[in-house]
Amino acid sequence: TIWTEPFVMASSTQIGLRAAQALVEDGEVTAVAGADITLDYLSSVLEDFVLAQHGRVYILDRTGRMIASSGGSAQVIGYDRSGHPLMNVDNMQQTPSVERLHWNRTGDPIIEEGTRFLIKEYDLLTRKNTKVVAVDENGENIYSAFEVDSGSNAYGIDWIIVNAQALSTYKAPIEETINKHLQDHEATLDRSVSVSVTMTVAFVAIGTLMMALVAHAVTRPLRAIETDMRAVANFDNPAIDQILGDSTRHNHGTIREVADICDSFKYMAIGLQSFSRYMD
C-alpha cells in the first residue's frame, strides 16, 4: 500500500492523504484501488476518544511531523497569514503537497512537552517497535506511545500514536472512588460491630440465665436436705417419718451428684430412725 503526503483535494479543497493498492493477477497489475482520507477526519476520530477529553492524542511520523491531533488540524497543517495552507514542492516530481507542522511548532504545550520528554528518555522518533508508558520527571503527566507500521515499503505508514494525559485530571475521581470504598467498608464494619455487640450481650444474658437455672437446680435440693438434716439431728421422729414416707421429697435427680447426696441422706435417716427406736 502506498500513502501520499498530504495534499489539497481537487474535488473538495480539503487536505488529506491518499492510500493506493495495486491489484495483481498472474504477476500483472490489473487495477489500482485507492481511498482519500482527510486530515480533518483523522483528527475528528482522535477527538472522539474518551482520553482526548482530558488530554491530547496525536500522531507523528518518523520525521517528527504531525499527521493528526485531537486538538484539530490547526496543530497539523502550516497556514500562512491569509489562512491558506503552506505548500511544499517535491523536487523529483514537482508535486505540490501541504506543509505539515513539526511537533515543536504546533504551539500546543501538551504536544511539545510530551514529545520532547519521550524523545529525550525513549528515543521516540528513532526507536523501532515503540511501546512506551511513562510518567514525566515531575510526576504531573503520563504518556503512552506505540508504533503503527504497515511494512517496509518506503511509501507505507510508519506512524507513532501518542497519548498525553495530566495525572491531576484523574486524581479527584480516584480519590473519590477510594473514599467511597472506605466509607462502604466503614459502614460494613459498623454493622458488623453492632451485630457482634448484640450477639455478645445476648450470649451473656443467656449464659447468666443458664447459670442461674443450674445454681437453682443445685441449691434447691441441698437446702431441702439441710432442713431435713436438722430434723434428723434433733431426732424429730415425726419429721423423719414424714421424710421417709415421701418418696418424691428428694427426687431431684437431674444432677447426679445431688441425687447421690439425697440417696445417702435417706439411708442415713433410715439408719438413725432404726437406732432411735432401738434405743427407745
# chains A, B, ... in the order shown; residues from 1 in each chain; ligands from 1
>>> residues_around(residues="A:Ala166", least_positions_apart="2", cutoff="10 Å", atoms="only C-alpha atoms", output="PyMOL selection string")
chain A and resi 54-56+110+135+139-143+164+168-171
>>> write_last_selection(atoms="C-alpha atoms", output="PDB file, in the first residue's frame")
ATOM      1  CA  HIS A  54      -8.833  15.386  29.317  1.00  0.00           C
ATOM      2  CA  GLY A  55      -5.585  15.332  27.367  1.00  0.00           C
ATOM      3  CA  ARG A  56      -4.216  15.069  23.866  1.00  0.00           C
ATOM      4  CA  ILE A 110       0.921  19.302  25.745  1.00  0.00           C
ATOM      5  CA  VAL A 135       5.330   9.418  33.821  1.00  0.00           C
ATOM      6  CA  GLY A 139       5.010  13.296  38.176  1.00  0.00           C
ATOM      7  CA  GLU A 140       2.414  15.567  36.575  1.00  0.00           C
ATOM      8  CA  ASN A 141       1.728  13.835  33.255  1.00  0.00           C
ATOM      9  CA  ILE A 142       1.541  10.300  31.950  1.00  0.00           C
ATOM     10  CA  TYR A 143       2.384   9.372  28.369  1.00  0.00           C
ATOM     11  CA  ALA A 164      -0.685  12.572  26.806  1.00  0.00           C
ATOM     12  CA  SER A 168      -4.316  15.692  38.119  1.00  0.00           C
ATOM     13  CA  THR A 169      -7.328  15.003  35.879  1.00  0.00           C
ATOM     14  CA  TYR A 170      -7.662  11.530  37.341  1.00  0.00           C
ATOM     15  CA  LYS A 171      -6.613  12.344  40.881  1.00  0.00           C
TER      16      LYS A 171
END
>>> select_by_dssp(residues="stretch 64-213 of chain A", states="helix (DSSP H, G or I)", output="PyMOL selection string")
chain A and resi 73-75+103-105+109-122+167-213
>>> select_by_dssp(residues="stretch 63-166 of chain A", states="strand (DSSP E)", output="PyMOL selection string")
chain A and resi 66-69+87-89+96-98+131-135+141-149+158-166
>>> atom_distance(atom1="atom CA of A:Arg62", atom2="atom CA of A:Arg116")
14.0 Å
>>> closest_atom_pairs(of="stretch 140-206 of chain A", to="stretch 3-25 of chain A", cutoff="7 Å", atoms="only C-alpha atoms", output="Markdown table")
| residue | atom | partner | partner_atom | distance |
| --- | --- | --- | --- | --- |
| A:Tyr155 | CA | A:Trp3 | CA | 5.5 |
| A:Gly156 | CA | A:Trp3 | CA | 5.6 |
| A:Ile157 | CA | A:Trp3 | CA | 6.8 |
>>> atom_distance(atom1="atom CA of A:Asp136", atom2="atom CA of A:Phe117")
7.1 Å
>>> residues_around(residues="A:Val57", least_positions_apart="3", cutoff="9 Å", atoms="only C-alpha atoms", output="list of chain:residue names")
A:Ser43, A:Leu46, A:Glu47, A:Phe49, A:Leu51, A:Ala52, A:Ala68, A:Ser69, A:Ser70, A:Gly71, A:Ile111, A:Ile161, A:Val162, A:Asn163, A:Ala164, A:Gln165
>>> write_last_selection(atoms="all heavy atoms", output="compact mmCIF listing (two decimals), in the first residue's frame")
# COMPACT_ATOMS: atom_id res chain seq x y z
N SER A 43 -8.28 13.68 12.58
CA SER A 43 -8.27 14.43 13.83
C SER A 43 -9.60 14.28 14.58
O SER A 43 -9.62 14.20 15.81
CB SER A 43 -7.99 15.92 13.56
OG SER A 43 -6.67 16.09 13.05
N LEU A 46 -9.63 11.03 16.45
CA LEU A 46 -8.87 11.14 17.69
C LEU A 46 -9.64 11.96 18.72
O LEU A 46 -9.61 11.67 19.92
CB LEU A 46 -7.51 11.79 17.43
CG LEU A 46 -6.57 11.04 16.47
CD1 LEU A 46 -5.24 11.79 16.37
CD2 LEU A 46 -6.34 9.62 16.92
N GLU A 47 -10.33 13.00 18.26
CA GLU A 47 -11.07 13.87 19.17
C GLU A 47 -12.21 13.12 19.87
O GLU A 47 -12.59 13.46 20.99
CB GLU A 47 -11.63 15.06 18.40
CG GLU A 47 -12.25 16.14 19.28
CD GLU A 47 -12.69 17.34 18.47
OE1 GLU A 47 -12.45 17.34 17.24
OE2 GLU A 47 -13.27 18.26 19.06
N PHE A 49 -12.09 10.12 20.97
CA PHE A 49 -11.59 9.23 22.01
C PHE A 49 -11.91 9.82 23.38
O PHE A 49 -11.82 11.03 23.59
CB PHE A 49 -10.08 9.02 21.89
CG PHE A 49 -9.67 8.15 20.73
CD1 PHE A 49 -8.34 8.04 20.37
CD2 PHE A 49 -10.60 7.45 20.00
CE1 PHE A 49 -7.95 7.25 19.31
CE2 PHE A 49 -10.23 6.65 18.93
CZ PHE A 49 -8.91 6.55 18.58
N LEU A 51 -10.12 9.52 25.97
CA LEU A 51 -8.89 10.06 26.53
C LEU A 51 -8.65 11.49 26.07
O LEU A 51 -8.03 12.29 26.78
CB LEU A 51 -7.70 9.18 26.13
CG LEU A 51 -7.67 7.77 26.73
CD1 LEU A 51 -6.54 6.96 26.11
CD2 LEU A 51 -7.51 7.84 28.24
N ALA A 52 -9.14 11.83 24.88
CA ALA A 52 -8.90 13.16 24.33
C ALA A 52 -9.68 14.24 25.08
O ALA A 52 -9.37 15.43 24.95
CB ALA A 52 -9.27 13.20 22.86
N ALA A 68 -2.00 13.89 12.61
CA ALA A 68 -3.33 14.23 13.10
C ALA A 68 -3.23 14.56 14.59
O ALA A 68 -2.27 14.17 15.27
CB ALA A 68 -4.32 13.09 12.86
N SER A 69 -4.23 15.27 15.09
CA SER A 69 -4.25 15.64 16.51
C SER A 69 -5.70 15.81 16.95
O SER A 69 -6.54 16.32 16.20
CB SER A 69 -3.48 16.94 16.76
OG SER A 69 -3.69 17.39 18.09
N SER A 70 -5.98 15.39 18.18
CA SER A 70 -7.32 15.59 18.73
C SER A 70 -7.60 17.07 18.97
O SER A 70 -8.74 17.46 19.21
CB SER A 70 -7.48 14.81 20.04
OG SER A 70 -6.54 15.25 21.02
N GLY A 71 -6.56 17.90 18.89
CA GLY A 71 -6.72 19.35 19.02
C GLY A 71 -7.13 20.03 17.73
O GLY A 71 -7.34 21.25 17.71
N ILE A 111 1.53 18.78 23.45
CA ILE A 111 2.25 18.02 22.42
C ILE A 111 3.75 18.26 22.51
O ILE A 111 4.55 17.31 22.46
CB ILE A 111 1.73 18.42 21.02
CG1 ILE A 111 0.27 17.97 20.85
CG2 ILE A 111 2.61 17.82 19.93
CD1 ILE A 111 -0.35 18.39 19.53
N ILE A 161 1.61 6.86 17.49
CA ILE A 161 0.43 7.43 18.16
C ILE A 161 0.79 7.70 19.61
O ILE A 161 1.27 6.80 20.33
CB ILE A 161 -0.78 6.49 18.06
CG1 ILE A 161 -1.12 6.23 16.59
CG2 ILE A 161 -1.98 7.07 18.79
CD1 ILE A 161 -2.27 5.26 16.38
N VAL A 162 0.56 8.94 20.05
CA VAL A 162 0.93 9.35 21.41
C VAL A 162 -0.32 9.79 22.17
O VAL A 162 -1.17 10.51 21.62
CB VAL A 162 1.96 10.50 21.39
CG1 VAL A 162 2.35 10.90 22.81
CG2 VAL A 162 3.20 10.09 20.59
N ASN A 163 -0.40 9.38 23.40
CA ASN A 163 -1.49 9.80 24.29
C ASN A 163 -0.86 10.51 25.49
O ASN A 163 -0.03 9.94 26.20
CB ASN A 163 -2.30 8.58 24.76
CG ASN A 163 -3.28 8.93 25.85
OD1 ASN A 163 -3.85 10.02 25.86
ND2 ASN A 163 -3.47 8.02 26.78
N ALA A 164 -1.23 11.77 25.70
CA ALA A 164 -0.69 12.57 26.81
C ALA A 164 -1.83 12.97 27.73
O ALA A 164 -2.82 13.56 27.29
CB ALA A 164 0.02 13.81 26.27
N GLN A 165 -1.67 12.66 29.02
CA GLN A 165 -2.72 12.94 30.00
C GLN A 165 -2.11 13.55 31.25
O GLN A 165 -1.02 13.16 31.69
CB GLN A 165 -3.46 11.64 30.39
CG GLN A 165 -4.11 10.92 29.23
CD GLN A 165 -5.31 11.67 28.70
OE1 GLN A 165 -6.07 12.25 29.46
NE2 GLN A 165 -5.49 11.63 27.38
>>> closest_atom_pairs(of="stretch 87-182 of chain A", to="stretch 79-82 of chain A", cutoff="12 Å", atoms="only C-alpha atoms", output="Markdown table")
| residue | atom | partner | partner_atom | distance |
| --- | --- | --- | --- | --- |
| A:Met87 | CA | A:Tyr79 | CA | 8.9 |
| A:Asn88 | CA | A:Tyr79 | CA | 11.9 |
| A:Val98 | CA | A:Tyr79 | CA | 9.3 |
| A:Glu99 | CA | A:Tyr79 | CA | 8.4 |
| A:Arg100 | CA | A:Tyr79 | CA | 9.4 |
| A:Leu101 | CA | A:Tyr79 | CA | 9.4 |
| A:Arg105 | CA | A:Tyr79 | CA | 11.8 |
| A:Thr106 | CA | A:Tyr79 | CA | 11.3 |
>>> atom_distance(atom1="atom CA of A:Ser73", atom2="atom CA of A:Thr115")
17.7 Å
